[in-house]
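Chemist: File protein-v6.cif follows (mmCIF, C-alpha atoms and all ligand atoms):
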data_work
#
loop_
_atom_site.label_atom_id
_atom_site.label_comp_id
_atom_site.auth_asym_id
_atom_site.auth_seq_id
_atom_site.Cartn_x
_atom_site.Cartn_y
_atom_site.Cartn_z
CA MET A 66 -17.06 -6.46 14.97
CA GLN A 67 -15.23 -9.73 15.58
CA SER A 68 -12.46 -9.91 18.16
CA PRO A 69 -9.18 -9.12 16.45
CA PRO A 70 -7.06 -12.12 15.46
CA THR A 71 -3.74 -12.40 17.26
CA GLY A 72 -0.27 -13.54 16.25
CA THR A 73 1.88 -12.98 13.22
CA ALA A 74 0.54 -13.21 9.67
CA VAL A 75 3.84 -12.55 7.90
CA ARG A 76 7.36 -13.08 9.23
CA ILE A 77 10.35 -12.08 7.09
CA ARG A 78 13.98 -12.50 8.12
CA GLY A 79 17.04 -11.56 6.07
CA LEU A 80 15.12 -11.54 2.78
CA ARG A 81 17.24 -11.03 -0.31
CA LYS A 82 16.42 -11.10 -3.99
CA VAL A 83 18.99 -10.64 -6.73
CA TYR A 84 17.91 -10.49 -10.39
CA GLY A 85 21.05 -11.11 -12.45
CA GLY A 86 23.28 -8.34 -11.12
CA VAL A 87 20.46 -6.23 -9.63
CA VAL A 88 19.93 -6.46 -5.87
CA ALA A 89 16.18 -5.78 -5.61
CA VAL A 90 15.73 -6.75 -1.94
CA ASP A 91 18.72 -6.38 0.32
CA GLY A 92 18.12 -7.98 3.71
CA ILE A 93 14.61 -7.19 4.94
CA ASP A 94 13.33 -8.19 8.41
CA LEU A 95 9.64 -7.53 9.00
CA ASP A 96 6.67 -8.84 10.96
CA ILE A 97 3.07 -8.13 9.97
CA ARG A 98 0.49 -8.88 12.65
CA ARG A 99 -2.74 -10.72 12.06
CA GLY A 100 -5.63 -8.33 11.60
CA GLU A 101 -3.59 -5.25 10.88
CA THR A 102 -3.49 -3.18 7.72
CA PHE A 103 0.13 -2.71 6.79
CA ALA A 104 1.26 -0.25 4.11
CA LEU A 105 4.45 -0.94 2.19
CA LEU A 106 5.73 2.36 0.85
CA GLY A 107 8.70 3.27 -1.32
CA PRO A 108 9.73 4.85 -4.61
CA ASN A 109 9.56 3.06 -7.98
CA GLY A 110 12.05 0.21 -8.09
CA ALA A 111 12.48 0.10 -4.29
CA GLY A 112 11.67 -3.61 -4.09
CA LYS A 113 8.05 -3.55 -2.88
CA SER A 114 6.51 -5.70 -5.62
CA THR A 115 9.40 -8.16 -5.47
CA THR A 116 8.90 -8.54 -1.70
CA VAL A 117 5.13 -8.91 -2.03
CA GLU A 118 5.43 -11.42 -4.91
CA ILE A 119 7.79 -13.53 -2.76
CA LEU A 120 5.19 -13.45 0.04
CA GLU A 121 2.48 -14.50 -2.43
CA GLY A 122 4.56 -17.43 -3.66
CA TYR A 123 4.87 -16.01 -7.19
CA ARG A 124 8.56 -15.32 -7.03
CA SER A 125 11.53 -17.25 -5.69
CA ARG A 126 13.93 -15.66 -3.20
CA THR A 127 17.72 -15.62 -3.23
CA ALA A 128 18.10 -15.87 0.57
CA GLY A 129 16.29 -15.43 3.86
CA GLU A 130 13.32 -16.91 5.71
CA VAL A 131 9.68 -16.16 4.96
CA ASP A 132 6.56 -17.39 6.74
CA VAL A 133 3.09 -16.42 5.52
CA LEU A 134 0.13 -17.74 7.55
CA GLY A 135 2.43 -20.40 8.96
CA VAL A 136 3.69 -21.61 5.57
CA ASP A 137 6.84 -20.98 3.52
CA PRO A 138 5.42 -19.44 0.31
CA ALA A 139 8.03 -21.32 -1.74
CA HIS A 140 6.14 -24.51 -0.75
CA GLY A 141 2.60 -23.13 -0.42
CA GLY A 142 -0.02 -25.50 -1.84
CA ARG A 143 -3.57 -24.86 -3.09
CA ASP A 144 -5.08 -24.79 0.41
CA TRP A 145 -2.63 -22.11 1.45
CA LYS A 146 -3.20 -20.09 -1.75
CA ALA A 147 -6.97 -20.19 -1.13
CA ARG A 148 -6.37 -18.31 2.14
CA LEU A 149 -4.80 -15.39 0.25
CA GLY A 150 -6.45 -12.65 -1.78
CA ILE A 151 -4.29 -10.96 -4.36
CA VAL A 152 -4.88 -7.79 -6.33
CA LEU A 153 -1.91 -7.37 -8.63
CA GLN A 154 -0.75 -4.11 -10.21
CA THR A 155 -2.17 -5.19 -13.56
CA GLY A 156 -5.39 -7.14 -13.69
CA GLY A 157 -6.02 -10.50 -15.31
CA GLU A 158 -7.39 -11.22 -18.79
CA THR A 159 -11.09 -11.76 -18.18
CA GLY A 160 -12.45 -9.51 -20.93
CA LEU A 161 -15.01 -11.76 -22.67
CA LEU A 162 -16.97 -12.67 -19.54
CA THR A 163 -19.40 -10.41 -17.72
CA VAL A 164 -18.58 -9.08 -14.27
CA ARG A 165 -20.94 -11.59 -12.61
CA GLU A 166 -19.67 -14.52 -14.72
CA VAL A 167 -16.05 -13.87 -13.95
CA LEU A 168 -16.72 -13.55 -10.24
CA LYS A 169 -18.86 -16.71 -10.19
CA HIS A 170 -16.12 -18.56 -12.02
CA PHE A 171 -13.45 -17.55 -9.52
CA ALA A 172 -15.71 -17.94 -6.47
CA ARG A 173 -16.02 -21.68 -7.28
CA LEU A 174 -12.28 -22.09 -6.76
CA TYR A 175 -12.54 -21.24 -3.04
CA PRO A 176 -13.89 -23.36 -0.18
CA ASP A 177 -15.90 -20.55 1.49
CA PRO A 178 -16.46 -17.77 -1.05
CA ARG A 179 -18.42 -14.61 -0.43
CA ASP A 180 -21.77 -14.12 -2.14
CA VAL A 181 -20.98 -12.85 -5.64
CA ASP A 182 -23.72 -10.20 -5.63
CA ASP A 183 -22.54 -8.91 -2.24
CA VAL A 184 -19.04 -8.55 -3.68
CA ILE A 185 -20.35 -6.77 -6.79
CA ALA A 186 -22.25 -4.34 -4.54
CA ALA A 187 -19.21 -3.85 -2.26
CA VAL A 188 -17.11 -2.64 -5.20
CA GLY A 189 -19.97 -0.51 -6.59
CA LEU A 190 -20.51 -2.42 -9.83
CA GLU A 191 -24.21 -3.40 -9.49
CA ALA A 192 -25.13 -1.42 -12.60
CA LYS A 193 -22.39 -3.19 -14.59
CA ALA A 194 -22.87 -6.74 -13.30
CA ASN A 195 -24.06 -8.06 -16.68
CA MET A 196 -21.59 -6.14 -18.79
CA ARG A 197 -18.51 -7.71 -20.34
CA VAL A 198 -15.37 -6.79 -18.40
CA SER A 199 -13.74 -5.65 -21.67
CA LYS A 200 -16.44 -2.97 -22.06
CA LEU A 201 -15.76 -1.41 -18.64
CA SER A 202 -13.67 1.69 -18.10
CA GLY A 203 -10.16 1.31 -16.68
CA GLY A 204 -11.27 2.27 -13.16
CA GLN A 205 -14.24 -0.12 -13.35
CA GLN A 206 -11.95 -2.96 -14.47
CA ARG A 207 -9.76 -2.17 -11.49
CA ARG A 208 -12.82 -2.63 -9.26
CA VAL A 209 -13.27 -6.07 -10.82
CA ASP A 210 -9.66 -6.86 -9.84
CA VAL A 211 -10.45 -5.83 -6.27
CA ALA A 212 -13.65 -7.94 -6.33
CA LEU A 213 -11.64 -10.96 -7.50
CA GLY A 214 -9.17 -10.39 -4.66
CA ILE A 215 -11.87 -10.53 -1.98
CA VAL A 216 -14.37 -13.07 -3.38
CA GLY A 217 -12.53 -15.99 -1.74
CA ARG A 218 -12.90 -14.43 1.74
CA PRO A 219 -9.13 -14.24 2.22
CA GLU A 220 -7.41 -14.23 5.63
CA LEU A 221 -4.61 -12.18 4.11
CA LEU A 222 -5.26 -9.70 1.31
CA PHE A 223 -2.46 -8.23 -0.81
CA LEU A 224 -3.37 -5.00 -2.58
CA ASP A 225 -0.79 -3.69 -5.03
CA GLU A 226 -1.70 -0.12 -6.10
CA PRO A 227 -5.39 -1.01 -5.75
CA THR A 228 -6.95 2.38 -6.54
CA THR A 229 -4.94 3.41 -9.60
CA GLY A 230 -7.48 4.85 -12.05
CA PHE A 231 -10.25 5.23 -9.47
CA ASP A 232 -12.16 8.49 -9.39
CA PRO A 233 -12.17 10.25 -5.97
CA GLU A 234 -15.58 8.89 -5.02
CA ALA A 235 -14.60 5.34 -5.96
CA ARG A 236 -11.45 5.66 -3.85
CA ARG A 237 -13.50 6.67 -0.82
CA GLN A 238 -15.90 3.81 -1.42
CA PHE A 239 -12.91 1.47 -1.66
CA TRP A 240 -11.55 2.80 1.65
CA GLY A 241 -14.89 1.94 3.24
CA LEU A 242 -14.66 -1.58 1.81
CA ILE A 243 -11.13 -2.04 3.18
CA ARG A 244 -12.26 -0.85 6.62
CA SER A 245 -15.10 -3.38 6.62
CA LEU A 246 -12.72 -6.19 5.61
CA LYS A 247 -10.40 -5.15 8.42
CA ALA A 248 -13.34 -5.12 10.86
CA GLU A 249 -13.97 -8.76 9.86
CA GLY A 250 -10.37 -9.57 10.85
CA THR A 251 -8.70 -9.62 7.42
CA THR A 252 -4.97 -8.89 7.43
CA ILE A 253 -4.19 -6.43 4.64
CA VAL A 254 -0.86 -5.66 2.99
CA LEU A 255 -1.24 -2.51 0.93
CA THR A 256 1.32 -1.22 -1.53
CA THR A 257 0.53 2.30 -2.65
CA HIS A 258 2.03 5.53 -3.90
CA TYR A 259 -0.99 7.44 -2.57
CA LEU A 260 0.26 8.49 0.85
CA ASP A 261 -3.15 9.84 1.83
CA GLU A 262 -4.55 6.37 1.17
CA ALA A 263 -1.92 4.79 3.42
CA ALA A 264 -2.61 7.40 6.12
CA GLN A 265 -6.35 6.68 5.91
CA LEU A 266 -6.15 2.90 5.97
CA ALA A 267 -2.97 1.59 7.54
CA ASP A 268 -2.25 0.80 11.18
CA ARG A 269 1.49 0.54 10.48
CA ALA A 270 3.77 1.21 7.55
CA GLY A 271 7.20 0.20 6.31
CA VAL A 272 9.25 2.38 3.97
CA ILE A 273 11.50 0.53 1.54
CA ALA A 274 14.24 2.30 -0.41
CA GLY A 275 16.99 0.61 -2.39
CA GLY A 276 15.80 -2.83 -1.28
CA ARG A 277 16.14 -2.00 2.44
CA LEU A 278 13.54 -1.24 5.06
CA VAL A 279 14.49 2.28 6.14
CA ASP A 280 11.76 2.65 8.75
CA VAL A 281 8.79 0.74 10.11
CA GLY A 282 6.23 1.78 12.70
CA GLY A 283 2.77 3.10 13.48
CA ILE A 284 1.30 5.15 10.66
CA HIS A 285 1.26 8.22 12.91
CA GLU A 286 4.72 7.58 14.37
CA ILE A 287 6.83 6.56 11.39
CA GLY A 288 9.71 8.95 10.68
CA GLY A 289 9.89 10.00 14.34
CA ALA A 290 8.33 12.86 16.29
CA GLU A 291 10.80 15.46 14.96
CA ALA A 292 9.64 14.91 11.37
CA ARG A 293 6.09 15.79 12.45
CA VAL A 294 6.84 19.11 14.17
CA PRO A 295 4.50 21.80 12.76
CA VAL A 296 5.84 24.56 10.53
CA VAL A 297 4.72 28.20 10.67
CA ARG A 298 5.16 30.05 7.34
CA TRP A 299 4.58 33.70 6.51
CA ASN A 300 5.87 36.48 4.30
CA ASP A 301 7.46 39.66 5.65
CA ALA A 302 6.54 43.19 4.52
CA GLU A 303 8.89 42.84 1.52
CA GLY A 304 7.22 39.59 0.50
CA ARG A 305 10.18 37.40 1.59
CA PRO A 306 9.08 33.96 2.83
CA HIS A 307 9.96 32.78 6.36
CA GLU A 308 9.34 29.58 8.21
CA VAL A 309 9.83 28.27 11.75
CA ARG A 310 9.46 24.69 12.95
CA THR A 311 7.91 24.73 16.39
CA HIS A 312 6.00 22.59 18.86
CA GLU A 313 4.09 25.74 19.83
CA PRO A 314 2.71 27.25 16.60
CA GLY A 315 -0.02 29.13 18.48
CA ARG A 316 2.52 30.93 20.65
CA VAL A 317 4.70 31.79 17.61
CA VAL A 318 1.72 33.22 15.73
CA ALA A 319 0.50 35.18 18.77
CA SER A 320 3.89 36.79 19.36
CA MET A 321 4.22 37.58 15.64
CA VAL A 322 0.80 39.26 15.63
CA GLY A 323 1.84 41.19 18.76
CA ALA A 324 5.11 42.35 17.19
CA LEU A 325 3.53 43.28 13.84
CA GLY A 326 0.44 44.84 15.39
CA GLY A 327 -1.61 43.07 12.72
CA GLU A 328 -2.13 40.04 10.54
CA PRO A 329 1.06 38.36 9.20
CA ARG A 330 1.03 38.05 5.40
CA ALA A 331 0.31 34.66 3.80
CA LEU A 332 0.31 32.99 7.22
CA GLU A 333 0.11 29.17 7.27
CA VAL A 334 0.51 26.59 10.01
CA ILE A 335 1.33 23.25 8.44
CA ARG A 336 1.43 19.86 10.08
CA PRO A 337 3.69 17.59 8.02
CA THR A 338 1.64 14.91 6.28
CA LEU A 339 2.64 11.28 5.87
CA GLU A 340 3.80 12.31 2.40
CA ASP A 341 6.20 14.93 3.84
CA VAL A 342 7.51 12.40 6.38
CA TYR A 343 7.88 9.75 3.66
CA LEU A 344 9.79 12.08 1.31
CA GLY A 345 12.16 12.98 4.16
CA LEU A 346 12.79 9.31 4.95
CA VAL A 347 13.39 8.34 1.32
CA ARG A 348 15.71 11.28 0.66
CA SER A 349 17.75 10.65 3.79
CA ALA A 350 18.11 7.01 2.69
CA GLY A 351 19.81 8.39 -0.44
CA ALA A 352 17.04 7.29 -2.80
CA ASP A 353 15.35 9.46 -5.39
CA PRO A 354 11.64 9.53 -4.48
CA ASP A 355 10.78 9.99 -8.15
CA ALA A 356 13.09 7.24 -9.45
CA ALA A 357 11.80 5.19 -12.36
CA ALA A 358 12.07 1.40 -12.22
CA ALA A 359 15.04 0.06 -14.16
CA ASP A 360 14.26 -1.85 -17.32
CA THR A 361 15.29 -5.40 -16.60
CA ASN A 362 13.39 -8.60 -17.01
CA GLU A 363 13.06 -11.99 -15.40
CA GLU A 364 9.99 -14.20 -15.51
CA ALA A 365 8.08 -14.82 -12.30
CA VAL A 366 8.02 -18.41 -11.04
CA ALA A 367 4.70 -20.19 -11.66
N1 LIG B 401 11.49 -9.53 -13.33
C1 LIG B 401 12.55 -8.79 -13.06
N2 LIG B 401 13.74 -9.03 -13.63
C2 LIG B 401 14.81 -8.27 -13.36
N3 LIG B 401 14.80 -7.22 -12.51
C3 LIG B 401 13.64 -6.94 -11.92
C4 LIG B 401 12.45 -7.70 -12.15
N4 LIG B 401 11.45 -7.19 -11.40
C5 LIG B 401 11.97 -6.15 -10.75
N5 LIG B 401 13.28 -5.99 -11.05
C6 LIG B 401 14.18 -4.96 -10.52
O1 LIG B 401 14.17 -5.06 -9.10
C7 LIG B 401 14.11 -3.76 -8.51
C8 LIG B 401 12.89 -3.69 -7.61
O2 LIG B 401 11.71 -3.74 -8.43
P1 LIG B 401 10.24 -3.84 -7.81
O3 LIG B 401 9.29 -4.07 -8.96
O4 LIG B 401 10.23 -4.82 -6.71
O5 LIG B 401 10.05 -2.37 -7.25
P2 LIG B 401 8.76 -1.64 -6.69
O6 LIG B 401 9.18 -1.03 -5.40
O7 LIG B 401 7.62 -2.57 -6.66
O8 LIG B 401 8.52 -0.52 -7.79
P3 LIG B 401 7.14 0.17 -8.34
O9 LIG B 401 6.74 1.16 -7.30
O10 LIG B 401 7.62 0.85 -9.59
O11 LIG B 401 6.15 -0.91 -8.59
C9 LIG B 401 14.12 -2.77 -9.66
O12 LIG B 401 15.45 -2.34 -9.86
C10 LIG B 401 13.63 -3.57 -10.83
O13 LIG B 401 14.15 -3.08 -12.06
#
Step by step, read the file and then write its structure as structure tokens.
Ligand SMILES: Nc1ncnc2c1ncn2[C@@H]1O[C@H](COP(=O)(O)OP(=O)(O)OP(=O)(O)O)[C@@H](O)[C@H]1O
Modeler:
Amino acid sequence: MQSPPTGTAVRIRGLRKVYGGVVAVDGIDLDIRRGETFALLGPNGAGKSTTVEILEGYRSRTAGEVDVLGVDPAHGGRDWKARLGIVLQTGGETGLLTVREVLKHFARLYPDPRDVDDVIAAVGLEAKANMRVSKLSGGQQRRVDVALGIVGRPELLFLDEPTTGFDPEARRQFWGLIRSLKAEGTTIVLTTHYLDEAAQLADRAGVIAGGRLVDVGGIHEIGGAEARVPVVRWNDAEGRPHEVRTHEPGRVVASMVGALGGEPRALEVIRPTLEDVYLGLVRSAGADPDAAAADTNEEAVA
């Protein structure tokens, strides 16, 4: 494993984006360190993609300062773009070429690309290397998108919902790939609705709701210690459910067993997951975790 890179990969101050009358990003301050895997979490329409597209140089901003690998993305040239890897929510149109052809084509655009066959193996597409992309299943096409994002050996990799459509085994294989990229020193910005994926991969996370960053911190600390206190649940003799939040679930269960003289019914000790913590954060920010994105439209800048 290489020594971890130091410094800041992404610096955001006072970022705002207004589309017509819609405030999509409402004053975000955020630093992402070099070498870390950072998860950007939030409900539909929270402003994640807008923020990430501004960082990638695909979208203009209304106000604020942004620095990505030492460059303002609004003025990032080809050399800067070659240092980024981008896996968008929807993949590109590469249907008529085979997997190997499309990767070879894109690899030529980078100064120090990875070996195309290594990349094909890393995303588990060896058996499909000579097949047209259009003939692949949705999940396999998504793997091609991921392959295209990493073929240029990026310093900073943006992954927007990378495992949508992956079967469970493919997701685990993808997690292994992300861990190996991280071990090589790649900075990774991951946008995902799969909270288990964020918990598996990220060092830190930021939760965005209504265009604001409602919390940011270590993946095991975000939301605060109180939100992670275990819960003991059981049913009484009449079948009524009870629950107690406690730092000492063992003691609670032991005293319950003592008092009942036997096994409590339907006993569970639950440690809140990142998903539970996330839902609490989003709800207390006044956002609907299940909100659908509003139907508005503005073209991205080049
Ligand atoms: N091109 C656009 N033109 C106008 N409004 C837009 C455009 N893109 C996004 N918005 C609006 O900006 C807000 C933030 O959208 P954004 O796509 O950044 O959210 P998101 O957090 O990425 O959502 P999702 O999880 O659904 O991808 C939403 O209200 C959305 O309708």
Chemist: So that I can see what lies close to region 215-220 of chain A, please list as a VMD selection string the residues with an atom at most 6 Å from it, counting all atoms listed in the file and leaving out residues fewer than 2 positions away in the same chain.
Modeler: chain A and resid 148 to 150 172 175 178 to 179 212 to 213 251
Chemist: Which distance in Å separates CA of Val296 (chain A) and CA of Thr311 (chain A), to one decimal?
Modeler: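 Computed distance, CA of Val296 (chain A) to CA of Thr311 (chain A), equals 6.2 Å.
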Chemist: Edge lengths and centre in Å to one decimal, as AutoDock Vina command-line options, is what I'm after for the box along x, y and z that holds all listed atoms of region 229-234 of chain A once 4 Å is added on each side.
Modeler:
--center_x -10.3 --center_y 6.8 --center_z -8.5 --size_x 18.6 --size_y 14.8 --size_z 15.0
Chemist: Of the residues A:Val297, A:Ile273, A:Val317, A:Glu303, which is the one nearest to Val334 (chain A), using only C-alpha atoms?
Modeler: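 The closest residue to Val334 (chain A) is A:Val297.
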Chemist: Could you give me, as a PyMOL selection string, the residues within 9 Å of Asp137 (chain A), counting all atoms listed in the file and dropping anything in the same chain fewer than 6 positions from it?
Modeler: chain A and resi 120+122+130-131
Chemist: Using CA of Glu226 (chain A) and atom C7 of ligand LIG 401 (chain B) as the two end points, give the distance in Å to one decimal.
Modeler: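 Spanning CA of Glu226 (chain A) to atom C7 of ligand LIG 401 (chain B) is a straight-line distance of 16.4 Å.
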Chemist: Could you tell me how far CA of Met321 (chain A) sits from CA of Arg298 (chain A), in Å to one decimal place?
Modeler: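 Interatomic distance here is 11.2 Å.
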Chemist: Skip Gly203 (chain A) itself and residues of its chain fewer than 5 positions away, then list as a ChimeraX atom specification all residues within 9 Å of it, counting all atoms listed in the file.
Modeler: /A:208,230-231
Chemist: Go through region 69-158 of chain A and flag each residue having an atom no more than 12 Å from region 258-263 of chain A; for those, report the closest pair of atoms plus their distance in Å to one decimal, using only C-alpha atoms, ordered by chain and rising number, as JSON lines.
Modeler:
{"residue": "A:Thr102", "atom": "CA", "partner": "A:Ala263", "partner_atom": "CA", "distance": 9.2}
{"residue": "A:Phe103", "atom": "CA", "partner": "A:Ala263", "partner_atom": "CA", "distance": 8.5}
{"residue": "A:Ala104", "atom": "CA", "partner": "A:Ala263", "partner_atom": "CA", "distance": 6.0}
{"residue": "A:Leu105", "atom": "CA", "partner": "A:Ala263", "partner_atom": "CA", "distance": 8.7}
{"residue": "A:Leu106", "atom": "CA", "partner": "A:His258", "partner_atom": "CA", "distance": 6.8}
{"residue": "A:Gly107", "atom": "CA", "partner": "A:His258", "partner_atom": "CA", "distance": 7.5}
{"residue": "A:Pro108", "atom": "CA", "partner": "A:His258", "partner_atom": "CA", "distance": 7.8}
{"residue": "A:Asn109", "atom": "CA", "partner": "A:His258", "partner_atom": "CA", "distance": 8.9}
{"residue": "A:Ala111", "atom": "CA", "partner": "A:His258", "partner_atom": "CA", "distance": 11.8}
{"residue": "A:Lys113", "atom": "CA", "partner": "A:His258", "partner_atom": "CA", "distance": 10.9}
{"residue": "A:Gln154", "atom": "CA", "partner": "A:His258", "partner_atom": "CA", "distance": 11.9}
